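Structure data follow from model-v8.cif (mmCIF, C-alpha atoms and all ligand atoms):
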data_work
loop_
_atom_site.label_atom_id
_atom_site.label_comp_id
_atom_site.auth_asym_id
_atom_site.auth_seq_id
_atom_site.Cartn_x
_atom_site.Cartn_y
_atom_site.Cartn_z
CA MET A 18 -0.24 39.13 -43.29
CA THR A 19 2.98 37.45 -44.45
CA SER A 20 5.52 36.46 -41.81
CA MET A 21 9.29 36.94 -42.17
CA PRO A 22 11.14 33.92 -43.61
CA PRO A 23 13.12 31.95 -41.01
CA SER A 24 16.88 32.35 -40.74
CA CYS A 25 18.52 28.94 -41.35
CA THR A 26 22.01 27.48 -41.02
CA PRO A 27 23.37 26.17 -44.36
CA GLY A 28 23.01 22.41 -43.60
CA PRO A 29 23.06 19.53 -44.17
CA GLY A 30 25.31 18.26 -41.40
CA PRO A 31 25.64 18.83 -37.70
CA VAL A 32 25.07 22.43 -36.59
CA ASP A 33 27.76 23.91 -34.35
CA ALA A 34 27.52 23.85 -30.57
CA LEU A 35 26.82 27.57 -30.16
CA ALA A 36 23.99 27.52 -32.69
CA MET A 37 22.53 24.48 -30.95
CA ARG A 38 22.77 26.06 -27.49
CA GLY A 39 21.36 29.35 -28.70
CA VAL A 40 18.32 27.86 -30.38
CA MET A 41 17.57 25.39 -27.58
CA GLY A 42 17.57 28.40 -25.25
CA ARG A 43 14.35 29.49 -26.96
CA PHE A 44 12.65 26.36 -25.65
CA ALA A 45 11.55 27.63 -22.23
CA THR A 46 12.11 25.29 -19.29
CA GLY A 47 12.01 25.24 -15.53
CA VAL A 48 15.15 24.97 -13.41
CA ALA A 49 16.03 22.11 -11.07
CA VAL A 50 18.97 20.88 -9.00
CA VAL A 51 19.93 17.20 -9.21
CA THR A 52 21.30 16.05 -5.85
CA THR A 53 22.85 12.83 -4.67
CA GLY A 54 25.17 11.53 -1.98
CA VAL A 55 28.16 9.20 -1.97
CA ASP A 56 29.78 8.07 1.30
CA GLY A 57 28.01 10.84 3.19
CA ALA A 58 29.29 13.57 0.81
CA PRO A 59 26.53 15.60 -0.92
CA HIS A 60 26.71 16.48 -4.63
CA GLY A 61 24.44 18.63 -6.75
CA MET A 62 24.17 20.48 -10.05
CA THR A 63 21.70 22.84 -11.69
CA VAL A 64 19.87 21.35 -14.69
CA ASN A 65 17.19 22.31 -17.15
CA SER A 66 17.30 19.06 -19.15
CA LEU A 67 14.61 17.48 -16.96
CA THR A 68 11.95 15.63 -18.96
CA SER A 69 9.03 13.48 -17.94
CA VAL A 70 9.32 10.16 -19.78
CA SER A 71 6.59 7.77 -18.58
CA LEU A 72 3.67 7.78 -16.13
CA GLU A 73 3.35 4.00 -15.62
CA PRO A 74 5.97 3.32 -14.45
CA PRO A 75 6.84 6.88 -13.37
CA LEU A 76 10.06 7.70 -15.21
CA LEU A 77 11.94 10.93 -15.82
CA LEU A 78 15.28 11.75 -17.40
CA VAL A 79 18.03 14.29 -16.92
CA CYS A 80 21.02 14.82 -19.22
CA LEU A 81 24.21 15.31 -17.20
CA THR A 82 27.62 16.36 -18.57
CA THR A 83 29.89 13.33 -18.84
CA GLY A 84 32.63 13.50 -16.20
CA ALA A 85 31.02 16.24 -14.05
CA ARG A 86 31.31 15.54 -10.32
CA THR A 87 27.57 15.18 -9.81
CA THR A 88 27.23 12.91 -12.86
CA ASP A 89 29.85 10.50 -11.50
CA ALA A 90 28.20 10.60 -8.07
CA VAL A 91 24.71 9.86 -9.49
CA VAL A 92 26.06 6.91 -11.48
CA GLU A 93 27.83 5.58 -8.39
CA ALA A 94 24.98 6.12 -5.91
CA ARG A 95 22.30 4.81 -8.33
CA ARG A 96 19.95 7.27 -6.63
CA PHE A 97 19.26 10.98 -6.99
CA ALA A 98 16.69 13.65 -6.24
CA VAL A 99 15.37 16.30 -8.61
CA ASN A 100 14.67 19.55 -6.76
CA VAL A 101 12.47 21.91 -8.81
CA LEU A 102 13.38 25.50 -7.90
CA SER A 103 11.05 28.40 -7.18
CA THR A 104 11.39 32.04 -8.23
CA ARG A 105 12.94 32.67 -4.78
CA GLN A 106 15.82 30.31 -5.54
CA GLU A 107 17.70 32.00 -8.38
CA GLN A 108 20.81 32.27 -6.19
CA LEU A 109 20.67 28.53 -5.53
CA ALA A 110 20.47 27.88 -9.28
CA LEU A 111 23.66 29.93 -9.73
CA ARG A 112 25.37 28.32 -6.75
CA PHE A 113 24.76 24.81 -8.10
CA ALA A 114 26.00 25.80 -11.57
CA ARG A 115 29.46 26.99 -10.42
CA ARG A 116 32.05 24.47 -11.42
CA GLY A 117 34.64 23.34 -8.91
CA GLU A 118 32.97 24.84 -5.82
CA ASP A 119 31.53 23.15 -2.75
CA HIS A 120 27.91 23.71 -3.68
CA PHE A 121 26.62 22.76 -0.22
CA GLU A 122 28.86 24.98 1.92
CA GLY A 123 26.73 26.82 4.47
CA LEU A 124 23.49 25.36 3.12
CA GLY A 125 21.21 23.67 5.65
CA VAL A 126 20.65 20.42 3.79
CA THR A 127 17.84 18.08 4.66
CA GLN A 128 17.83 14.36 3.85
CA GLY A 129 15.28 12.59 1.72
CA LEU A 130 14.88 8.83 1.79
CA HIS A 131 18.05 6.75 1.36
CA GLU A 132 20.24 9.61 2.68
CA ILE A 133 19.98 11.61 -0.52
CA PRO A 134 20.29 15.34 0.29
CA VAL A 135 17.45 17.58 -0.86
CA VAL A 136 17.46 21.35 -1.43
CA PRO A 137 15.59 23.17 1.35
CA ASP A 138 12.40 24.97 0.25
CA ALA A 139 12.41 23.59 -3.31
CA LEU A 140 8.95 23.56 -4.92
CA VAL A 141 9.12 19.84 -5.58
CA HIS A 142 11.45 16.98 -4.71
CA LEU A 143 11.28 13.84 -6.82
CA GLU A 144 13.36 11.05 -5.31
CA CYS A 145 14.55 8.58 -7.93
CA THR A 146 16.34 5.29 -8.46
CA VAL A 147 18.57 5.10 -11.55
CA VAL A 148 17.17 2.56 -14.00
CA ARG A 149 19.43 3.25 -16.96
CA VAL A 150 22.34 5.46 -18.02
CA MET A 151 22.99 6.03 -21.73
CA THR A 152 25.96 7.95 -23.09
CA ALA A 153 24.80 10.39 -25.78
CA GLY A 154 27.49 12.66 -27.19
CA ASP A 155 29.03 14.66 -24.34
CA HIS A 156 26.25 13.87 -21.83
CA GLU A 157 24.88 10.92 -19.88
CA VAL A 158 21.14 10.46 -20.23
CA VAL A 159 20.05 9.27 -16.79
CA LEU A 160 16.67 7.59 -16.57
CA GLY A 161 15.21 7.49 -13.06
CA GLU A 162 12.15 5.84 -11.55
CA VAL A 163 10.36 8.19 -9.18
CA GLY A 164 9.79 6.62 -5.77
CA ARG A 165 8.65 9.61 -3.74
CA ILE A 166 7.37 13.12 -4.38
CA CYS A 167 7.19 16.07 -1.96
CA GLN A 168 5.76 19.42 -2.99
CA ARG A 169 4.88 22.82 -1.57
CA GLU A 170 3.21 26.02 -2.75
CA GLY A 171 5.18 28.52 -4.83
CA LYS A 172 6.02 29.73 -8.34
CA PRO A 173 8.45 27.86 -10.57
CA LEU A 174 11.65 29.53 -11.72
CA GLY A 175 11.89 29.61 -15.53
CA PHE A 176 14.87 29.65 -17.91
CA LEU A 177 14.66 31.24 -21.36
CA GLY A 178 17.28 32.63 -23.71
CA GLY A 179 20.06 32.06 -21.18
CA ARG A 180 18.28 34.03 -18.44
CA PHE A 181 16.11 33.17 -15.49
CA SER A 182 12.50 34.11 -16.06
CA ASP A 183 9.05 34.02 -14.53
CA VAL A 184 6.53 31.53 -15.82
CA VAL A 185 3.28 33.35 -16.47
CA ASP A 186 -0.08 31.60 -16.37
CA ARG A 187 -1.99 33.06 -19.34
CA GLY A 188 -5.29 32.15 -17.71
CA HIS A 189 -6.52 30.32 -20.81
CA GLU A 190 -8.57 27.13 -20.79
CA VAL A 191 -6.84 24.08 -19.32
CA VAL A 192 -5.42 21.65 -21.86
CA PRO A 193 -8.28 19.09 -22.05
CA TRP A 194 -6.37 15.83 -21.66
CA PHE A 195 -4.22 17.06 -18.77
CA PHE A 196 -6.71 16.24 -16.01
C1 LIG B 1 19.98 27.07 -15.91
C2 LIG B 1 21.07 26.05 -16.04
C3 LIG B 1 20.77 24.80 -16.55
C4 LIG B 1 21.75 23.81 -16.67
N1 LIG B 1 21.42 22.58 -17.14
C5 LIG B 1 22.33 21.59 -17.20
C6 LIG B 1 21.93 20.27 -17.60
O1 LIG B 1 20.77 20.00 -17.90
N2 LIG B 1 22.91 19.33 -17.65
C7 LIG B 1 24.20 19.60 -17.32
O2 LIG B 1 25.03 18.70 -17.40
N3 LIG B 1 24.61 20.84 -16.92
C8 LIG B 1 23.69 21.83 -16.83
N4 LIG B 1 24.06 23.07 -16.40
C9 LIG B 1 25.46 23.30 -16.02
C10 LIG B 1 25.81 22.70 -14.63
O3 LIG B 1 24.93 23.20 -13.63
C11 LIG B 1 27.26 23.03 -14.21
O4 LIG B 1 28.15 22.54 -15.17
C12 LIG B 1 27.61 22.47 -12.83
O5 LIG B 1 28.66 23.24 -12.29
C13 LIG B 1 28.15 21.07 -12.82
O6 LIG B 1 28.34 20.71 -11.46
P1 LIG B 1 29.53 19.76 -10.96
O7 LIG B 1 30.54 19.66 -12.07
O8 LIG B 1 30.08 20.47 -9.77
O9 LIG B 1 28.88 18.48 -10.59
C14 LIG B 1 23.10 24.08 -16.28
C15 LIG B 1 23.40 25.35 -15.75
C16 LIG B 1 22.40 26.31 -15.64
C17 LIG B 1 22.73 27.66 -15.04
#

As structure tokens, the full file:
Amino acid sequence: MTSMPPSCTPGPGPVDALAMRGVMGRFATGVAVVTTGVDGAPHGMTVNSLTSVSLEPPLLLVCLTTGARTTDAVVEARRFAVNVLSTRQEQLALRFARRGEDHFEGLGVTQGLHEIPVVPDALVHLECTVVRVMTAGDHEVVLGEVGRICQREGKPLGFLGGRFSDVVDRGHEVVPWFF
């Protein structure tokens, strides 16, 4: 059976932002909220740019829009938490993606170590210390060392094609090197 040929942009040269966003949306991810605190004020934003970087030492990265309130707060505090959301937390994902709003209003926030706020009932909290910040285009790549992990039962919220989605376990064999 022959497959359809791919549809390509003309190239060479940088693709435009909409094409980039659209195609990256086909790379399915989870959804997390990056939280931090500066002078007792909590900050947080929804992200899907979370990537595991290293196991020894334990490093992860998030890419945060340059100049966003939470980005500035993370850079100032030098600490942040990554809160991985569950399928029950779609509304929280939307809340923490609204620009210019007080994302924490009416939310019963709990504190992790070092007075960093964490999202209640998140599947996982990873509490991190900033080890490096690199400007890349219109984002700051923030590398964090993970100092503490908390986790609970639940199903992860997915993000695909600009929509929230379920992540389905296909029940196939485990990937051999994972365990
Ligand atoms: C599913 C989803 C994923 C997102 N991922 C990111 C991300 O990885 N990095 C980023 O800078 N913004 C991301 N955003 C947009 C921010 O959540 C949004 O700009 C937020 O309002 C910024 O918060 P602040 O400016 O109040 O700090 C995402 C939004 C959604 C809905």

Would you give the centre and edge lengths, in Å to one decimal, of a box along x, y and z around the listed atoms of ligand LIG 1 (chain B), with 8 Å added to each side, as lines of an AutoDock Vina configuration file?
center_x = 25.3
center_y = 23.1
center_z = -13.8
size_x = 26.6
size_y = 25.2
size_z = 24.1

* Could you name the residues that touch Phe121 of chain A at 9 Å or less, counting all atoms listed in the file, but leaving out those on the same chain fewer than 4 positions away, as an NGL selection string? -> :A and (59-61 or 112-113 or 125-126)

Hey, can you pull every residue with an atom no more than 12 Å from (18.1, 7.4, 2.7), using only C-alpha atoms, and send it as a JSON list (two decimals) with C-alpha atoms, in the coordinates of the input?
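Ended up saving to out25.json:
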[["chain", "number", "residue", "atom", "x", "y", "z"],
["A", 53, "THR", "CA", 22.85, 12.83, -4.67],
["A", 54, "GLY", "CA", 25.17, 11.53, -1.98],
["A", 55, "VAL", "CA", 28.16, 9.20, -1.97],
["A", 56, "ASP", "CA", 29.78, 8.07, 1.30],
["A", 57, "GLY", "CA", 28.01, 10.84, 3.19],
["A", 94, "ALA", "CA", 24.98, 6.12, -5.91],
["A", 96, "ARG", "CA", 19.95, 7.27, -6.63],
["A", 97, "PHE", "CA", 19.26, 10.98, -6.99],
["A", 98, "ALA", "CA", 16.69, 13.65, -6.24],
["A", 127, "THR", "CA", 17.84, 18.08, 4.66],
["A", 128, "GLN", "CA", 17.83, 14.36, 3.85],
["A", 129, "GLY", "CA", 15.28, 12.59, 1.72],
["A", 130, "LEU", "CA", 14.88, 8.83, 1.79],
["A", 131, "HIS", "CA", 18.05, 6.75, 1.36],
["A", 132, "GLU", "CA", 20.24, 9.61, 2.68],
["A", 133, "ILE", "CA", 19.98, 11.61, -0.52],
["A", 134, "PRO", "CA", 20.29, 15.34, 0.29],
["A", 135, "VAL", "CA", 17.45, 17.58, -0.86],
["A", 144, "GLU", "CA", 13.36, 11.05, -5.31],
["A", 145, "CYS", "CA", 14.55, 8.58, -7.93],
["A", 146, "THR", "CA", 16.34, 5.29, -8.46],
["A", 164, "GLY", "CA", 9.79, 6.62, -5.77],
["A", 165, "ARG", "CA", 8.65, 9.61, -3.74]]

* **Close residues to ligand LIG 1 (chain B) using all atoms listed in the file, limit 6 Å, as a ChimeraX atom specification** => /A:48,61-66,80-82,85-87,111,113-117

Sorted per-residue table, segment 37-97 of chain A near segment 179-188 of chain A, closest atoms and distance, 10 Å, all atoms listed in the file, as a tab-separated table:
residue	atom	partner	partner_atom	distance
A:Arg38	CA	A:Gly179	CA	9.1
A:Gly39	CA	A:Gly179	CA	8.1
A:Met41	CA	A:Gly179	CA	9.6
A:Gly42	CA	A:Gly179	CA	6.0
A:Arg43	CA	A:Gly179	CA	8.5
A:Ala45	CA	A:Ser182	CA	9.0
A:Thr46	CA	A:Val184	CA	9.1
A:Gly47	CA	A:Val184	CA	8.3
A:Val48	CA	A:Phe181	CA	8.5

* To do: Point out the residue among A:Leu78, A:Val50, A:Ala58, A:Val32 with the least atom-to-atom distance to Val158 of chain A, counting only C-alpha atoms.
  =>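 Of A:Leu78, A:Val50, A:Ala58, A:Val32, the one nearest Val158 of chain A, counting only C-alpha atoms, is A:Leu78.
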
* Asked: atom CA of Pro137 of chain A to atom CA of Arg169 of chain A: how many Å, to one decimal?
  ->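 So the answer is 11.1 Å.
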
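Picture a line from atom CA of Gly30 of chain A to atom CA of Thr152 of chain A; it runs 21.0 Å.
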
* Between A:Leu109, A:Leu160, A:Ile166, A:Leu67, which is the closest to Arg95 of chain A once you count all atoms listed in the file? ->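 Going through A:Leu109, A:Leu160, A:Ile166, A:Leu67 one by one, the smallest distance to Arg95 of chain A is for A:Leu160.
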
* Neighbours of Leu140 of chain A within 10 Å (all atoms listed in the file; same-chain residues fewer than 3 positions away dropped), as a VMD selection string? -> chain A and resid 49 100 to 106 136 to 137 167 to 174

Write the residues you've just listed into a file as a PDB file, in the frame of the given file, and include C-alpha atoms for each of them.
ATOM      1  CA  ALA A  49      16.030  22.110 -11.070  1.00  0.00           C
ATOM      2  CA  ASN A 100      14.670  19.550  -6.760  1.00  0.00           C
ATOM      3  CA  VAL A 101      12.470  21.910  -8.810  1.00  0.00           C
ATOM      4  CA  LEU A 102      13.380  25.500  -7.900  1.00  0.00           C
ATOM      5  CA  SER A 103      11.050  28.400  -7.180  1.00  0.00           C
ATOM      6  CA  THR A 104      11.390  32.040  -8.230  1.00  0.00           C
ATOM      7  CA  ARG A 105      12.940  32.670  -4.780  1.00  0.00           C
ATOM      8  CA  GLN A 106      15.820  30.310  -5.540  1.00  0.00           C
ATOM      9  CA  VAL A 136      17.460  21.350  -1.430  1.00  0.00           C
ATOM     10  CA  PRO A 137      15.590  23.170   1.350  1.00  0.00           C
ATOM     11  CA  CYS A 167       7.190  16.070  -1.960  1.00  0.00           C
ATOM     12  CA  GLN A 168       5.760  19.420  -2.990  1.00  0.00           C
ATOM     13  CA  ARG A 169       4.880  22.820  -1.570  1.00  0.00           C
ATOM     14  CA  GLU A 170       3.210  26.020  -2.750  1.00  0.00           C
ATOM     15  CA  GLY A 171       5.180  28.520  -4.830  1.00  0.00           C
ATOM     16  CA  LYS A 172       6.020  29.730  -8.340  1.00  0.00           C
ATOM     17  CA  PRO A 173       8.450  27.860 -10.570  1.00  0.00           C
ATOM     18  CA  LEU A 174      11.650  29.530 -11.720  1.00  0.00           C
TER      19      LEU A 174
END

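Interatomic distance, atom CA of Glu157 of chain A against atom CA of Glu118 of chain A: 21.4 Å.
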
* **Point (27.2, 15.8, -22.7), cut-off 6 Å, counting only C-alpha atoms, residues as an MDAnalysis selection string** => chainID A and resid 82:83 154:156

* **Within 12 Å of Val40 of chain A using all atoms listed in the file, minus same-chain residues under 6 positions, as a list in words** =>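 That gives Ser24, Cys25, Thr26, Val32, Asp33, Ala34, Leu177, Gly178 and Gly179 of chain A.
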
Can I get the selection written as an mmCIF file, in the frame of the given file, with C-alpha atoms?
data_model
loop_
_atom_site.group_PDB
_atom_site.id
_atom_site.type_symbol
_atom_site.label_atom_id
_atom_site.label_comp_id
_atom_site.auth_asym_id
_atom_site.auth_seq_id
_atom_site.Cartn_x
_atom_site.Cartn_y
_atom_site.Cartn_z
ATOM 1 C CA SER A 24 16.880 32.350 -40.740
ATOM 2 C CA CYS A 25 18.520 28.940 -41.350
ATOM 3 C CA THR A 26 22.010 27.480 -41.020
ATOM 4 C CA VAL A 32 25.070 22.430 -36.590
ATOM 5 C CA ASP A 33 27.760 23.910 -34.350
ATOM 6 C CA ALA A 34 27.520 23.850 -30.570
ATOM 7 C CA LEU A 177 14.660 31.240 -21.360
ATOM 8 C CA GLY A 178 17.280 32.630 -23.710
ATOM 9 C CA GLY A 179 20.060 32.060 -21.180
#

* **A:Leu124, A:Val163, A:Ala36, A:Val147 ranked by distance to Pro74 of chain A, top pick (using only C-alpha atoms)** =>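 Among A:Leu124, A:Val163, A:Ala36, A:Val147, it is A:Val163 that comes nearest to Pro74 of chain A.
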
* Asked: Between A:Met37, A:Val51, A:Leu143, A:Val191, which is the closest to Thr88 of chain A once you count only C-alpha atoms?
  ->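 Of A:Met37, A:Val51, A:Leu143, A:Val191, the one nearest Thr88 of chain A, counting only C-alpha atoms, is A:Val51.
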
* To do: Rank nothing, just name the residue among A:Val92, A:Met21, A:Val70, A:Ala110 nearest to Val150 of chain A, using all atoms listed in the file.
  => A:Val92

Missing atoms of segment 21-32 of chain A rebuilt to all heavy atoms, written as a compact mmCIF listing (two decimals), keeping the file's coordinate frame:
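What ended up in rebuild.txt:
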# COMPACT_ATOMS: atom_id res chain seq x y z
N MET A 21 7.90 36.91 -41.68
CA MET A 21 9.29 36.94 -42.17
C MET A 21 9.76 35.50 -42.41
O MET A 21 9.40 34.61 -41.64
CB MET A 21 10.20 37.58 -41.12
CG MET A 21 9.91 39.04 -40.88
SD MET A 21 10.55 40.04 -42.22
CE MET A 21 12.29 39.97 -41.87
N PRO A 22 10.60 35.27 -43.44
CA PRO A 22 11.14 33.92 -43.61
C PRO A 22 12.09 33.59 -42.46
O PRO A 22 12.69 34.49 -41.89
CB PRO A 22 11.90 34.00 -44.95
CG PRO A 22 12.17 35.44 -45.15
CD PRO A 22 11.10 36.21 -44.45
N PRO A 23 12.21 32.30 -42.12
CA PRO A 23 13.12 31.95 -41.01
C PRO A 23 14.56 32.14 -41.44
O PRO A 23 14.88 32.10 -42.63
CB PRO A 23 12.81 30.48 -40.76
CG PRO A 23 12.33 29.97 -42.08
CD PRO A 23 11.60 31.11 -42.72
N SER A 24 15.45 32.33 -40.46
CA SER A 24 16.88 32.35 -40.74
C SER A 24 17.42 30.94 -40.46
O SER A 24 17.16 30.40 -39.39
CB SER A 24 17.52 33.43 -39.86
OG SER A 24 18.70 32.99 -39.31
N CYS A 25 18.09 30.34 -41.47
CA CYS A 25 18.52 28.94 -41.35
C CYS A 25 20.03 28.82 -41.47
O CYS A 25 20.66 29.59 -42.19
CB CYS A 25 17.89 28.09 -42.46
SG CYS A 25 16.09 28.15 -42.49
N THR A 26 20.61 27.81 -40.81
CA THR A 26 22.01 27.48 -41.02
C THR A 26 22.10 26.75 -42.36
O THR A 26 21.09 26.22 -42.83
CB THR A 26 22.58 26.59 -39.89
OG1 THR A 26 21.81 25.39 -39.83
CG2 THR A 26 22.50 27.31 -38.55
N PRO A 27 23.31 26.71 -43.00
CA PRO A 27 23.37 26.17 -44.36
C PRO A 27 22.93 24.71 -44.48
O PRO A 27 22.17 24.36 -45.38
CB PRO A 27 24.84 26.32 -44.75
CG PRO A 27 25.50 27.10 -43.68
CD PRO A 27 24.59 27.21 -42.51
N GLY A 28 23.38 23.82 -43.53
CA GLY A 28 23.01 22.41 -43.60
C GLY A 28 23.37 21.82 -44.95
O GLY A 28 23.69 22.57 -45.87
N PRO A 29 23.32 20.51 -45.22
CA PRO A 29 23.06 19.53 -44.17
C PRO A 29 24.30 19.31 -43.31
O PRO A 29 25.36 19.82 -43.66
CB PRO A 29 22.73 18.26 -44.97
CG PRO A 29 23.56 18.39 -46.21
CD PRO A 29 23.64 19.87 -46.52
N GLY A 30 24.16 18.56 -42.25
CA GLY A 30 25.31 18.26 -41.40
C GLY A 30 25.09 18.83 -40.03
O GLY A 30 24.20 19.67 -39.86
N PRO A 31 25.87 18.39 -39.07
CA PRO A 31 25.64 18.83 -37.70
C PRO A 31 25.82 20.35 -37.58
O PRO A 31 26.78 20.90 -38.11
CB PRO A 31 26.71 18.09 -36.88
CG PRO A 31 27.31 17.08 -37.77
CD PRO A 31 27.02 17.46 -39.18
N VAL A 32 24.91 21.00 -36.88
CA VAL A 32 25.07 22.43 -36.59
C VAL A 32 26.13 22.58 -35.50
O VAL A 32 26.42 21.62 -34.78
CB VAL A 32 23.75 23.09 -36.14
CG1 VAL A 32 22.71 23.00 -37.24
CG2 VAL A 32 23.22 22.48 -34.85
